[in-house]
>>> print(open('data.pdb').read())   # PDB, C-alpha atoms and all ligand atoms
ATOM      1  CA  MET A   3     -10.233  16.564  38.422
ATOM      2  CA  THR A   4     -12.144  14.193  36.131
ATOM      3  CA  HIS A   5     -10.350  11.413  34.318
ATOM      4  CA  ASP A   6     -11.079   9.645  31.049
ATOM      5  CA  PHE A   7      -9.698   6.120  31.137
ATOM      6  CA  LEU A   8     -11.457   5.054  27.905
ATOM      7  CA  SER A   9      -8.999   4.977  25.010
ATOM      8  CA  PRO A  10     -10.487   5.176  21.504
ATOM      9  CA  LEU A  11      -9.559   1.890  19.804
ATOM     10  CA  THR A  12      -8.182   1.134  16.335
ATOM     11  CA  GLY A  13      -6.066  -1.758  15.113
ATOM     12  CA  SER A  14      -5.278  -4.336  12.498
ATOM     13  CA  PHE A  15      -6.791  -7.703  11.569
ATOM     14  CA  ALA A  16      -4.427 -10.043   9.728
ATOM     15  CA  MET A  17      -2.996 -13.538   9.738
ATOM     16  CA  PRO A  18      -0.107 -13.838  10.344
ATOM     17  CA  ALA A  19       0.184 -10.625  12.365
ATOM     18  CA  ALA A  20       3.345 -10.893  14.461
ATOM     19  CA  GLU A  21       5.678  -9.426  11.816
ATOM     20  CA  ASN A  22       3.415  -6.488  10.874
ATOM     21  CA  PRO A  23       5.184  -3.298  12.076
ATOM     22  CA  THR A  24       2.207  -0.953  11.481
ATOM     23  CA  VAL A  25       1.379  -0.796  15.201
ATOM     24  CA  VAL A  26       4.750   0.809  15.930
ATOM     25  CA  MET A  27       4.341   3.692  13.486
ATOM     26  CA  ILE A  28       0.650   4.345  14.276
ATOM     27  CA  GLU A  29       1.146   4.390  18.062
ATOM     28  CA  ALA A  30       4.192   6.673  17.614
ATOM     29  CA  ALA A  31       1.944   9.048  15.655
ATOM     30  CA  TYR A  32      -0.810   8.940  18.325
ATOM     31  CA  ARG A  33       1.717   9.726  21.083
ATOM     32  CA  HIS A  34       3.201  12.578  19.015
ATOM     33  CA  LEU A  35      -0.306  14.004  18.475
ATOM     34  CA  GLY A  36      -0.944  13.786  22.251
ATOM     35  CA  LEU A  37      -3.790  11.293  21.750
ATOM     36  CA  THR A  38      -4.658   8.447  24.127
ATOM     37  CA  TRP A  39      -5.841   6.379  21.123
ATOM     38  CA  ARG A  40      -4.589   2.783  20.865
ATOM     39  CA  TYR A  41      -3.821   0.555  17.853
ATOM     40  CA  LEU A  42      -4.043  -3.179  18.566
ATOM     41  CA  ASN A  43      -2.317  -5.686  16.313
ATOM     42  CA  CYS A  44      -4.745  -8.640  16.164
ATOM     43  CA  GLU A  45      -4.280 -12.062  14.593
ATOM     44  CA  VAL A  46      -7.655 -13.029  13.114
ATOM     45  CA  HIS A  47      -8.277 -16.395  11.469
ATOM     46  CA  PRO A  48     -10.215 -16.116   8.168
ATOM     47  CA  ASP A  49     -13.107 -18.152   9.677
ATOM     48  CA  ARG A  50     -13.463 -15.569  12.476
ATOM     49  CA  LEU A  51     -13.266 -12.358  10.423
ATOM     50  CA  GLY A  52     -17.027 -11.698  10.707
ATOM     51  CA  ASP A  53     -16.826 -12.146  14.498
ATOM     52  CA  ALA A  54     -13.856  -9.754  14.635
ATOM     53  CA  VAL A  55     -15.727  -7.035  12.701
ATOM     54  CA  ARG A  56     -18.833  -7.512  14.874
ATOM     55  CA  GLY A  57     -16.574  -7.283  17.926
ATOM     56  CA  ALA A  58     -15.067  -4.033  16.654
ATOM     57  CA  ARG A  59     -18.587  -2.646  16.149
ATOM     58  CA  ALA A  60     -19.698  -3.820  19.599
ATOM     59  CA  MET A  61     -16.663  -2.251  21.302
ATOM     60  CA  GLY A  62     -17.021   1.032  19.439
ATOM     61  CA  TRP A  63     -13.695   0.774  17.586
ATOM     62  CA  ARG A  64     -13.097   3.917  15.496
ATOM     63  CA  GLY A  65     -11.701   1.841  12.644
ATOM     64  CA  PHE A  66      -9.139  -0.766  11.698
ATOM     65  CA  ASN A  67      -6.739  -1.915   9.011
ATOM     66  CA  CYS A  68      -7.114  -5.215   7.180
ATOM     67  CA  SER A  69      -4.127  -7.038   5.809
ATOM     68  CA  ILE A  70      -3.548 -10.424   4.203
ATOM     69  CA  PRO A  71      -5.770 -12.494   3.905
ATOM     70  CA  HIS A  72      -8.753 -10.239   4.731
ATOM     71  CA  LYS A  73      -8.630  -7.374   2.219
ATOM     72  CA  VAL A  74     -11.342  -8.801  -0.070
ATOM     73  CA  ALA A  75     -13.254 -10.965   2.422
ATOM     74  CA  VAL A  76     -13.911  -8.041   4.781
ATOM     75  CA  ILE A  77     -16.107  -6.286   2.206
ATOM     76  CA  GLU A  78     -19.183  -8.427   2.925
ATOM     77  CA  HIS A  79     -19.051  -7.310   6.581
ATOM     78  CA  LEU A  80     -19.040  -3.556   5.774
ATOM     79  CA  ASP A  81     -21.810  -1.063   4.950
ATOM     80  CA  GLN A  82     -20.182   1.130   2.256
ATOM     81  CA  LEU A  83     -17.080   1.399   0.086
ATOM     82  CA  GLY A  84     -15.007   4.424  -0.964
ATOM     83  CA  GLU A  85     -14.473   4.983  -4.709
ATOM     84  CA  SER A  86     -11.032   3.416  -5.147
ATOM     85  CA  ALA A  87     -11.801   0.519  -2.772
ATOM     86  CA  ARG A  88     -14.831  -0.266  -4.972
ATOM     87  CA  ILE A  89     -12.749  -0.234  -8.184
ATOM     88  CA  ILE A  90      -9.809  -2.112  -6.650
ATOM     89  CA  GLY A  91     -12.183  -4.613  -5.019
ATOM     90  CA  ALA A  92     -10.180  -4.639  -1.782
ATOM     91  CA  VAL A  93     -10.176  -2.772   1.526
ATOM     92  CA  ASN A  94      -7.226  -2.155   3.813
ATOM     93  CA  THR A  95      -8.731   0.557   6.027
ATOM     94  CA  VAL A  96     -12.147   0.586   7.673
ATOM     95  CA  VAL A  97     -13.588   3.818   9.051
ATOM     96  CA  ARG A  98     -16.560   4.017  11.414
ATOM     97  CA  ARG A  99     -18.916   6.962  10.900
ATOM     98  CA  GLY A 100     -21.711   6.643  13.490
ATOM     99  CA  ASP A 101     -22.902   3.053  13.051
ATOM    100  CA  THR A 102     -21.685   2.835   9.447
ATOM    101  CA  MET A 103     -18.512   0.916   8.613
ATOM    102  CA  ILE A 104     -16.905   2.291   5.431
ATOM    103  CA  GLY A 105     -14.173   0.406   3.540
ATOM    104  CA  GLU A 106     -11.353   2.425   1.996
ATOM    105  CA  ASN A 107      -8.130   1.434   0.265
ATOM    106  CA  THR A 108      -5.097   3.485   1.245
ATOM    107  CA  ASP A 109      -2.419   1.207  -0.334
ATOM    108  CA  GLY A 110      -2.440   3.127  -3.618
ATOM    109  CA  LYS A 111      -3.205   6.505  -2.004
ATOM    110  CA  GLY A 112      -0.138   6.109   0.236
ATOM    111  CA  PHE A 113       1.945   5.255  -2.805
ATOM    112  CA  VAL A 114       0.726   8.289  -4.772
ATOM    113  CA  THR A 115       1.348  10.611  -1.792
ATOM    114  CA  ALA A 116       4.938   9.332  -1.503
ATOM    115  CA  LEU A 117       5.445   9.607  -5.279
ATOM    116  CA  ASN A 118       4.059  13.164  -5.336
ATOM    117  CA  GLN A 119       6.954  14.281  -3.152
ATOM    118  CA  VAL A 120       9.253  13.508  -6.103
ATOM    119  CA  VAL A 121       7.074  13.881  -9.212
ATOM    120  CA  ASP A 122       3.476  14.795 -10.093
ATOM    121  CA  PRO A 123       2.234  11.681 -11.921
ATOM    122  CA  ALA A 124      -0.485  13.556 -13.896
ATOM    123  CA  GLY A 125       0.056  13.134 -17.636
ATOM    124  CA  LYS A 126       2.956  10.710 -17.164
ATOM    125  CA  SER A 127       3.567   7.291 -18.717
ATOM    126  CA  VAL A 128       3.959   4.593 -16.045
ATOM    127  CA  LEU A 129       5.263   1.043 -16.206
ATOM    128  CA  ILE A 130       4.215  -1.262 -13.359
ATOM    129  CA  PHE A 131       5.847  -4.629 -12.676
ATOM    130  CA  GLY A 132       3.314  -6.984 -11.100
ATOM    131  CA  ALA A 133      -0.443  -7.475 -11.221
ATOM    132  CA  GLY A 134      -1.291  -8.650  -7.683
ATOM    133  CA  GLY A 135      -3.046  -6.746  -4.919
ATOM    134  CA  ALA A 136      -0.402  -4.043  -4.523
ATOM    135  CA  ALA A 137      -0.173  -3.448  -8.293
ATOM    136  CA  ARG A 138      -3.956  -3.213  -8.525
ATOM    137  CA  ALA A 139      -4.161  -0.592  -5.768
ATOM    138  CA  VAL A 140      -1.226   1.429  -7.127
ATOM    139  CA  ALA A 141      -2.443   1.280 -10.740
ATOM    140  CA  VAL A 142      -6.020   2.349  -9.933
ATOM    141  CA  GLU A 143      -4.869   5.237  -7.742
ATOM    142  CA  LEU A 144      -2.331   6.405 -10.367
ATOM    143  CA  ALA A 145      -5.091   6.284 -12.987
ATOM    144  CA  LEU A 146      -7.376   8.363 -10.734
ATOM    145  CA  ALA A 147      -4.432  10.789 -10.200
ATOM    146  CA  GLY A 148      -4.412  11.456 -13.959
ATOM    147  CA  VAL A 149      -1.520   9.436 -15.439
ATOM    148  CA  SER A 150      -1.950   9.192 -19.196
ATOM    149  CA  ARG A 151      -0.807   5.606 -19.785
ATOM    150  CA  ILE A 152      -0.101   2.524 -17.674
ATOM    151  CA  VAL A 153       1.774  -0.523 -18.964
ATOM    152  CA  ILE A 154       1.334  -3.616 -16.780
ATOM    153  CA  VAL A 155       4.237  -6.070 -17.008
ATOM    154  CA  ASN A 156       3.562  -9.444 -15.362
ATOM    155  CA  ARG A 157       4.643 -13.048 -15.788
ATOM    156  CA  GLY A 158       1.162 -14.506 -15.428
ATOM    157  CA  HIS A 159      -0.999 -13.243 -18.287
ATOM    158  CA  GLU A 160      -4.370 -13.816 -16.614
ATOM    159  CA  ARG A 161      -3.715 -11.392 -13.751
ATOM    160  CA  GLY A 162      -1.902  -8.981 -16.093
ATOM    161  CA  GLU A 163      -4.777  -8.842 -18.543
ATOM    162  CA  ALA A 164      -7.409  -8.665 -15.811
ATOM    163  CA  LEU A 165      -5.757  -5.590 -14.259
ATOM    164  CA  THR A 166      -5.296  -3.949 -17.666
ATOM    165  CA  ASN A 167      -8.971  -4.485 -18.521
ATOM    166  CA  LEU A 168     -10.027  -3.115 -15.132
ATOM    167  CA  LEU A 169      -8.030   0.078 -15.807
ATOM    168  CA  LEU A 170      -9.464   0.450 -19.308
ATOM    169  CA  ARG A 171     -13.055  -0.119 -18.165
ATOM    170  CA  GLN A 172     -13.148   1.721 -14.857
ATOM    171  CA  THR A 173     -10.592   4.528 -15.023
ATOM    172  CA  PRO A 174      -9.748   7.330 -17.481
ATOM    173  CA  ALA A 175      -6.184   6.012 -18.113
ATOM    174  CA  ASP A 176      -4.998   4.250 -21.251
ATOM    175  CA  ALA A 177      -3.560   0.827 -20.365
ATOM    176  CA  ALA A 178      -1.749  -2.091 -21.993
ATOM    177  CA  TYR A 179      -0.413  -5.469 -20.887
ATOM    178  CA  THR A 180       3.033  -6.846 -21.724
ATOM    179  CA  ARG A 181       3.958 -10.419 -20.864
ATOM    180  CA  TRP A 182       7.168 -10.701 -18.840
ATOM    181  CA  SER A 183       9.339 -13.545 -20.085
ATOM    182  CA  GLY A 184      13.106 -13.195 -19.981
ATOM    183  CA  MET A 185      15.118 -10.067 -19.332
ATOM    184  CA  PHE A 186      12.804  -7.059 -19.765
ATOM    185  CA  GLN A 187      13.880  -3.922 -21.619
ATOM    186  CA  ILE A 188      12.194  -0.805 -20.190
ATOM    187  CA  PRO A 189      10.883   1.340 -23.071
ATOM    188  CA  ALA A 190      12.683   4.685 -23.317
ATOM    189  CA  ASP A 191       9.397   6.673 -23.272
ATOM    190  CA  THR A 192       8.597   5.511 -19.706
ATOM    191  CA  ASP A 193       8.472   8.333 -17.110
ATOM    192  CA  ILE A 194       7.831   6.320 -13.934
ATOM    193  CA  VAL A 195       8.827   2.699 -13.178
ATOM    194  CA  VAL A 196       7.111   0.888 -10.281
ATOM    195  CA  ASN A 197       7.985  -2.447  -8.682
ATOM    196  CA  ALA A 198       4.721  -3.820  -7.293
ATOM    197  CA  THR A 199       5.929  -7.430  -7.192
ATOM    198  CA  SER A 200       7.283  -9.137  -4.074
ATOM    199  CA  VAL A 201      10.783  -9.343  -5.631
ATOM    200  CA  GLY A 202      13.406  -7.964  -3.212
ATOM    201  CA  LEU A 203      11.346  -8.442  -0.034
ATOM    202  CA  PHE A 204      13.257  -9.583   3.078
ATOM    203  CA  PRO A 205      14.887 -12.120   3.353
ATOM    204  CA  ASN A 206      15.507 -12.093  -0.449
ATOM    205  CA  VAL A 207      17.137  -8.681  -0.239
ATOM    206  CA  ASP A 208      19.521  -9.158  -3.159
ATOM    207  CA  GLN A 209      16.834 -10.432  -5.504
ATOM    208  CA  MET A 210      16.546  -8.161  -8.558
ATOM    209  CA  LEU A 211      13.735  -7.831 -11.073
ATOM    210  CA  ASP A 212      14.550  -9.633 -14.313
ATOM    211  CA  ILE A 213      15.165  -6.387 -16.192
ATOM    212  CA  ASP A 214      18.068  -4.933 -18.138
ATOM    213  CA  PRO A 215      19.316  -2.333 -15.600
ATOM    214  CA  ASP A 216      20.904  -0.305 -18.367
ATOM    215  CA  THR A 217      17.425   0.517 -19.691
ATOM    216  CA  LEU A 218      16.843   2.567 -16.494
ATOM    217  CA  ARG A 219      17.490   6.153 -17.637
ATOM    218  CA  ALA A 220      18.358   9.142 -15.477
ATOM    219  CA  GLU A 221      15.117  10.952 -16.486
ATOM    220  CA  MET A 222      12.983   8.151 -14.997
ATOM    221  CA  VAL A 223      11.542   8.097 -11.477
ATOM    222  CA  VAL A 224      11.797   4.598  -9.991
ATOM    223  CA  ALA A 225       9.493   3.555  -7.124
ATOM    224  CA  ASP A 226       9.477   0.338  -5.125
ATOM    225  CA  GLY A 227       6.575  -1.028  -3.054
ATOM    226  CA  ILE A 228       8.945  -3.135  -0.942
ATOM    227  CA  HIS A 229       9.371  -1.503   2.489
ATOM    228  CA  ASN A 230      11.768  -4.058   3.980
ATOM    229  CA  PRO A 231      14.518  -3.268   3.138
ATOM    230  CA  PRO A 232      13.745   0.352   2.186
ATOM    231  CA  LEU A 233      16.682   0.530  -0.235
ATOM    232  CA  THR A 234      16.113  -2.435  -2.550
ATOM    233  CA  HIS A 235      18.446  -3.780  -5.210
ATOM    234  CA  LEU A 236      16.213  -2.067  -7.820
ATOM    235  CA  LEU A 237      16.455   1.324  -6.103
ATOM    236  CA  ARG A 238      20.227   0.989  -5.696
ATOM    237  CA  SER A 239      20.577   0.217  -9.432
ATOM    238  CA  ALA A 240      18.296   3.137 -10.312
ATOM    239  CA  ARG A 241      20.215   5.578  -8.108
ATOM    240  CA  ALA A 242      23.507   4.454  -9.626
ATOM    241  CA  ARG A 243      22.086   5.487 -13.020
ATOM    242  CA  GLY A 244      20.975   8.912 -11.799
ATOM    243  CA  CYS A 245      17.239   8.177 -11.394
ATOM    244  CA  ARG A 246      15.198   9.761  -8.616
ATOM    245  CA  VAL A 247      13.775   7.036  -6.351
ATOM    246  CA  VAL A 248      10.780   6.532  -4.034
ATOM    247  CA  ASP A 249      10.968   3.748  -1.441
ATOM    248  CA  GLY A 250       8.237   1.451  -0.093
ATOM    249  CA  LEU A 251       8.582   2.869   3.405
ATOM    250  CA  GLY A 252       7.097   6.105   2.043
ATOM    251  CA  MET A 253       4.101   4.141   0.757
ATOM    252  CA  LEU A 254       3.605   2.412   4.115
ATOM    253  CA  VAL A 255       4.019   5.586   6.188
ATOM    254  CA  ASN A 256       1.667   7.623   4.005
ATOM    255  CA  GLN A 257      -0.974   4.902   4.176
ATOM    256  CA  GLY A 258      -0.749   5.305   7.933
ATOM    257  CA  VAL A 259      -1.034   9.094   7.719
ATOM    258  CA  ILE A 260      -4.171   8.762   5.546
ATOM    259  CA  GLY A 261      -5.676   6.116   7.873
ATOM    260  CA  ILE A 262      -5.102   8.311  10.950
ATOM    261  CA  ARG A 263      -6.715  11.253   9.118
ATOM    262  CA  TYR A 264      -9.779   9.082   8.325
ATOM    263  CA  TRP A 265     -10.057   7.951  11.953
ATOM    264  CA  THR A 266      -9.113  11.039  13.966
ATOM    265  CA  GLY A 267      -9.423  13.956  11.506
ATOM    266  CA  LEU A 268      -5.825  14.910  12.390
ATOM    267  CA  ASP A 269      -2.662  15.091  10.278
ATOM    268  CA  ALA A 270       0.043  12.853  11.729
ATOM    269  CA  ASP A 271       3.733  13.610  11.295
ATOM    270  CA  ALA A 272       5.064  11.286   8.555
ATOM    271  CA  GLN A 273       8.656  11.835   9.684
ATOM    272  CA  VAL A 274       7.903  10.666  13.235
ATOM    273  CA  MET A 275       6.240   7.551  11.823
ATOM    274  CA  ARG A 276       9.087   6.818   9.397
ATOM    275  CA  GLN A 277      11.646   7.215  12.166
ATOM    276  CA  ALA A 278       9.686   4.835  14.429
ATOM    277  CA  LEU A 279       9.964   2.184  11.687
ATOM    278  CA  LEU A 280      13.630   2.924  10.970
ATOM    279  CA  ASN A 281      14.391   2.545  14.704
ATOM    280  CA  LEU A 282      13.243  -1.072  14.399
ATOM    281  CA  LYS A 283      16.181  -1.720  12.028
ATOM    282  CA  LEU A 284      13.988  -4.135  10.028
TER     283      LEU A 284
HETATM  284  P1  LIG B   1       0.482 -10.711  -4.655
HETATM  285  O1  LIG B   1       0.846 -12.085  -4.217
HETATM  286  O2  LIG B   1      -0.960 -10.356  -4.832
HETATM  287  O3  LIG B   1       1.216 -10.422  -6.077
HETATM  288  C1  LIG B   1       2.565 -10.698  -6.246
HETATM  289  C2  LIG B   1       3.009 -10.153  -7.593
HETATM  290  O4  LIG B   1       4.426 -10.338  -7.677
HETATM  291  C3  LIG B   1       2.406 -10.876  -8.793
HETATM  292  O5  LIG B   1       2.218  -9.957  -9.834
HETATM  293  C4  LIG B   1       3.514 -11.888  -9.153
HETATM  294  O6  LIG B   1       3.503 -12.240 -10.520
HETATM  295  C5  LIG B   1       4.745 -11.055  -8.876
HETATM  296  N1  LIG B   1       5.939 -11.852  -8.623
HETATM  297  C6  LIG B   1       6.216 -12.629  -7.541
HETATM  298  N2  LIG B   1       7.428 -13.196  -7.667
HETATM  299  C7  LIG B   1       7.942 -12.762  -8.858
HETATM  300  C8  LIG B   1       9.165 -12.988  -9.560
HETATM  301  N3  LIG B   1      10.118 -13.760  -9.049
HETATM  302  N4  LIG B   1       9.345 -12.370 -10.741
HETATM  303  C9  LIG B   1       8.380 -11.571 -11.256
HETATM  304  N5  LIG B   1       7.197 -11.331 -10.658
HETATM  305  C10 LIG B   1       6.981 -11.914  -9.470
HETATM  306  O7  LIG B   1       1.198  -9.740  -3.639
HETATM  307  P2  LIG B   1       0.823  -8.201  -3.331
HETATM  308  O8  LIG B   1       0.533  -7.539  -4.617
HETATM  309  O9  LIG B   1      -0.174  -8.136  -2.242
HETATM  310  O10 LIG B   1       2.178  -7.648  -2.716
HETATM  311  C11 LIG B   1       3.343  -7.459  -3.533
HETATM  312  C12 LIG B   1       4.384  -6.739  -2.714
HETATM  313  O11 LIG B   1       3.948  -5.419  -2.415
HETATM  314  C13 LIG B   1       4.659  -7.424  -1.372
HETATM  315  O12 LIG B   1       6.015  -7.754  -1.319
HETATM  316  C14 LIG B   1       4.357  -6.397  -0.318
HETATM  317  O13 LIG B   1       5.394  -6.334   0.654
HETATM  318  C15 LIG B   1       4.328  -5.088  -1.105
HETATM  319  N6  LIG B   1       3.335  -4.164  -0.524
HETATM  320  C16 LIG B   1       3.836  -3.044   0.028
HETATM  321  C17 LIG B   1       3.005  -2.134   0.651
HETATM  322  C18 LIG B   1       3.613  -0.922   1.280
HETATM  323  O14 LIG B   1       2.896  -0.189   1.970
HETATM  324  N7  LIG B   1       4.875  -0.608   1.054
HETATM  325  C19 LIG B   1       1.533  -2.346   0.685
HETATM  326  C20 LIG B   1       1.114  -3.572   0.060
HETATM  327  C21 LIG B   1       2.009  -4.439  -0.517
HETATM  328  P3  LIG B   1       2.632 -13.486 -11.100
HETATM  329  O15 LIG B   1       1.204 -13.010 -11.166
HETATM  330  O16 LIG B   1       3.225 -13.719 -12.433
HETATM  331  O17 LIG B   1       2.836 -14.616 -10.129
END
>>> encode(input="data.pdb", output="structure tokens", more="lines below")
Ligand code: NDP
Amino acid sequence: MTHDFLSPLTGSFAMPAAENPTVVMIEAAYRHLGLTWRYLNCEVHPDRLGDAVRGARAMGWRGFNCSIPHKVAVIEHLDQLGESARIIGAVNTVVRRGDTMIGENTDGKGFVTALNQVVDPAGKSVLIFGAGGAARAVAVELALAGVSRIVIVNRGHERGEALTNLLLRQTPADAAYTRWSGMFQIPADTDIVVNATSVGLFPNVDQMLDIDPDTLRAEMVVADGIHNPPLTHLLRSARARGCRVVDGLGMLVNQGVIGIRYWTGLDADAQVMRQALLNLKL
């Protein structure tokens, strides 16, 4: 009997890396698919990112994820970019095709996949809190998925306006910026509300967006990018008012499903991956 002791390699480059749980859900998916593939969680200093990418090429890695602080800096080390990664200007998933390293962004794609399980965003009016990296990825992908209008609500006007202008210039969606100062009233004509800020992230689990919770209406779908904890203060408030909710764990898991499809061509089981994360009791 012949043996194959060479595992196809994938992984993540980030700094810090120790608290990134992605390895747990991706390796659970590989095992469930019966693959001998590995996913290595690597801490890479920003000064060594080029070396890390050259190392991945040299060792024949099939691809890797990039997290903070490498999502923009990695681009200069790649050969091509997918459409949304080009518009967003950031890469979180790298795919090797032959000798070509292609940068993709699955942050927003994972979000839209999770959202689609509750509502089709096409033609809807969306309000997004935040204008950082997560908001940018989510907003661009929602625009490409056919939402009619996106309102960006952010404290800092420079980032808010920059994201709004990006949407207006590079996507088919209508977009507007609203400055966030004081308790925010969500307009009644909003279909989907998204928290793409870091408000509510562990350990600040009881932190709530500065919004009037009574402006959350039962007809609205409320989505949170925060995956830890999965049920944020915002989602609890939204549920209490009858809204349908989408948690950040769905975004994270579906990013993983899309990444595994890019690398292996196979569809991983999202439920297995979600359960692997829930078992960690983050
Ligand atoms: P950034 O630092 O790029 O942006 C942070 C955003 O949050 C900015 O818009 C900032 O506003 C806003 N913000 C921070 N604190 C407050 C506050 N107290 N009140 C109002 N707004 C605030 O971070 P990212 O965009 O990269 O990440 C944001 C969150 O998204 C993170 O918590 C991360 O966990 C989550 N995320 C989740 C993913 C998933 O798969 N579930 C994937 C990627 C990210 P301002 O510009 O005014 O400072």
>>> residues_near_ligand(input="data.pdb", ligand="ligand LIG 1 (chain B)", cutoff="7 Å", atoms="only C-alpha atoms and all ligand atoms", output="PDB file with C-alpha atoms, keeping the file's coordinate frame")
ATOM      1  CA  ASP A 109      -2.419   1.207  -0.334  1.00  0.00           C
ATOM      2  CA  GLY A 132       3.314  -6.984 -11.100  1.00  0.00           C
ATOM      3  CA  ALA A 133      -0.443  -7.475 -11.221  1.00  0.00           C
ATOM      4  CA  GLY A 134      -1.291  -8.650  -7.683  1.00  0.00           C
ATOM      5  CA  GLY A 135      -3.046  -6.746  -4.919  1.00  0.00           C
ATOM      6  CA  ALA A 136      -0.402  -4.043  -4.523  1.00  0.00           C
ATOM      7  CA  ALA A 137      -0.173  -3.448  -8.293  1.00  0.00           C
ATOM      8  CA  ASN A 156       3.562  -9.444 -15.362  1.00  0.00           C
ATOM      9  CA  ARG A 157       4.643 -13.048 -15.788  1.00  0.00           C
ATOM     10  CA  GLY A 158       1.162 -14.506 -15.428  1.00  0.00           C
ATOM     11  CA  ARG A 161      -3.715 -11.392 -13.751  1.00  0.00           C
ATOM     12  CA  ALA A 198       4.721  -3.820  -7.293  1.00  0.00           C
ATOM     13  CA  THR A 199       5.929  -7.430  -7.192  1.00  0.00           C
ATOM     14  CA  SER A 200       7.283  -9.137  -4.074  1.00  0.00           C
ATOM     15  CA  VAL A 201      10.783  -9.343  -5.631  1.00  0.00           C
ATOM     16  CA  LEU A 203      11.346  -8.442  -0.034  1.00  0.00           C
ATOM     17  CA  LEU A 211      13.735  -7.831 -11.073  1.00  0.00           C
ATOM     18  CA  ASP A 212      14.550  -9.633 -14.313  1.00  0.00           C
ATOM     19  CA  GLY A 227       6.575  -1.028  -3.054  1.00  0.00           C
ATOM     20  CA  ILE A 228       8.945  -3.135  -0.942  1.00  0.00           C
ATOM     21  CA  HIS A 229       9.371  -1.503   2.489  1.00  0.00           C
ATOM     22  CA  GLY A 250       8.237   1.451  -0.093  1.00  0.00           C
ATOM     23  CA  LEU A 251       8.582   2.869   3.405  1.00  0.00           C
ATOM     24  CA  MET A 253       4.101   4.141   0.757  1.00  0.00           C
ATOM     25  CA  LEU A 254       3.605   2.412   4.115  1.00  0.00           C
ATOM     26  CA  GLN A 257      -0.974   4.902   4.176  1.00  0.00           C
TER      27      GLN A 257
END
>>> atom_distance(input="data.pdb", atom1="atom CA of Gly110 of chain A", atom2="atom CA of Gly57 of chain A")
27.8 Å
>>> closest_atom_pairs(input="data.pdb", of="segment 75-180 of chain A", to="segment 264-278 of chain A", cutoff="9 Å", atoms="only C-alpha atoms", output="Markdown table")
| residue | atom | partner | partner_atom | distance |
| --- | --- | --- | --- | --- |
| A:Thr95 | CA | A:Tyr264 | CA | 8.9 |
| A:Val96 | CA | A:Trp265 | CA | 8.8 |
| A:Val97 | CA | A:Trp265 | CA | 6.2 |
| A:Arg98 | CA | A:Trp265 | CA | 7.6 |
| A:Arg99 | CA | A:Trp265 | CA | 9.0 |
>>> residues_around(input="data.pdb", residues="segment 216-221 of chain A", least_positions_apart="4", cutoff="7 Å", atoms="all atoms listed in the file", output="list in words")
Gln187, Ile188, Ala240, Arg243, Gly244 and Cys245 of chain A
>>> resolve_selection(input="data.pdb", expression="the PyMOL selection byres (((chain A and resi 144) around 10) and not hetatm)", output="VMD selection string")
chain A and resid 110 to 111 113 to 114 117 123 to 124 126 128 138 to 143 145 to 152 173 175
>>> closest_residue(input="data.pdb", among="A:Leu129, A:Ala19, A:Gly162, A:Arg238", to="Phe186 of chain A", atoms="all atoms listed in the file")
A:Leu129
>>> resolve_selection(input="data.pdb", expression="the PyMOL selection byres (((chain A and resi 208) around 12) and not hetatm)", output="list in words")
Val201, Gly202, Leu203, Phe204, Pro205, Asn206, Val207, Gln209, Met210, Leu211, Asn230, Pro231, Leu233, Thr234, His235, Leu236, Leu237, Arg238 and Ser239 of chain A
>>> write_last_selection(input="data.pdb", atoms="C-alpha atoms", output="JSON list (two decimals), in the frame of the given file")
[["chain", "number", "residue", "atom", "x", "y", "z"],
["A", 201, "VAL", "CA", 10.78, -9.34, -5.63],
["A", 202, "GLY", "CA", 13.41, -7.96, -3.21],
["A", 203, "LEU", "CA", 11.35, -8.44, -0.03],
["A", 204, "PHE", "CA", 13.26, -9.58, 3.08],
["A", 205, "PRO", "CA", 14.89, -12.12, 3.35],
["A", 206, "ASN", "CA", 15.51, -12.09, -0.45],
["A", 207, "VAL", "CA", 17.14, -8.68, -0.24],
["A", 209, "GLN", "CA", 16.83, -10.43, -5.50],
["A", 210, "MET", "CA", 16.55, -8.16, -8.56],
["A", 211, "LEU", "CA", 13.74, -7.83, -11.07],
["A", 230, "ASN", "CA", 11.77, -4.06, 3.98],
["A", 231, "PRO", "CA", 14.52, -3.27, 3.14],
["A", 233, "LEU", "CA", 16.68, 0.53, -0.24],
["A", 234, "THR", "CA", 16.11, -2.44, -2.55],
["A", 235, "HIS", "CA", 18.45, -3.78, -5.21],
["A", 236, "LEU", "CA", 16.21, -2.07, -7.82],
["A", 237, "LEU", "CA", 16.45, 1.32, -6.10],
["A", 238, "ARG", "CA", 20.23, 0.99, -5.70],
["A", 239, "SER", "CA", 20.58, 0.22, -9.43]]
>>> resolve_selection(input="data.pdb", expression="the PyMOL selection byres (((chain A and resi 42) around 12) and not hetatm)", output="ChimeraX atom specification")
/A:9-16,19-20,22-29,39-41,43-46,58,63-68
>>> atom_distance(input="data.pdb", atom1="atom CA of Pro174 of chain A", atom2="atom CA of Asp226 of chain A")
23.9 Å
>>> atom_distance(input="data.pdb", atom1="atom CA of His79 of chain A", atom2="atom CA of Leu51 of chain A")
8.6 Å
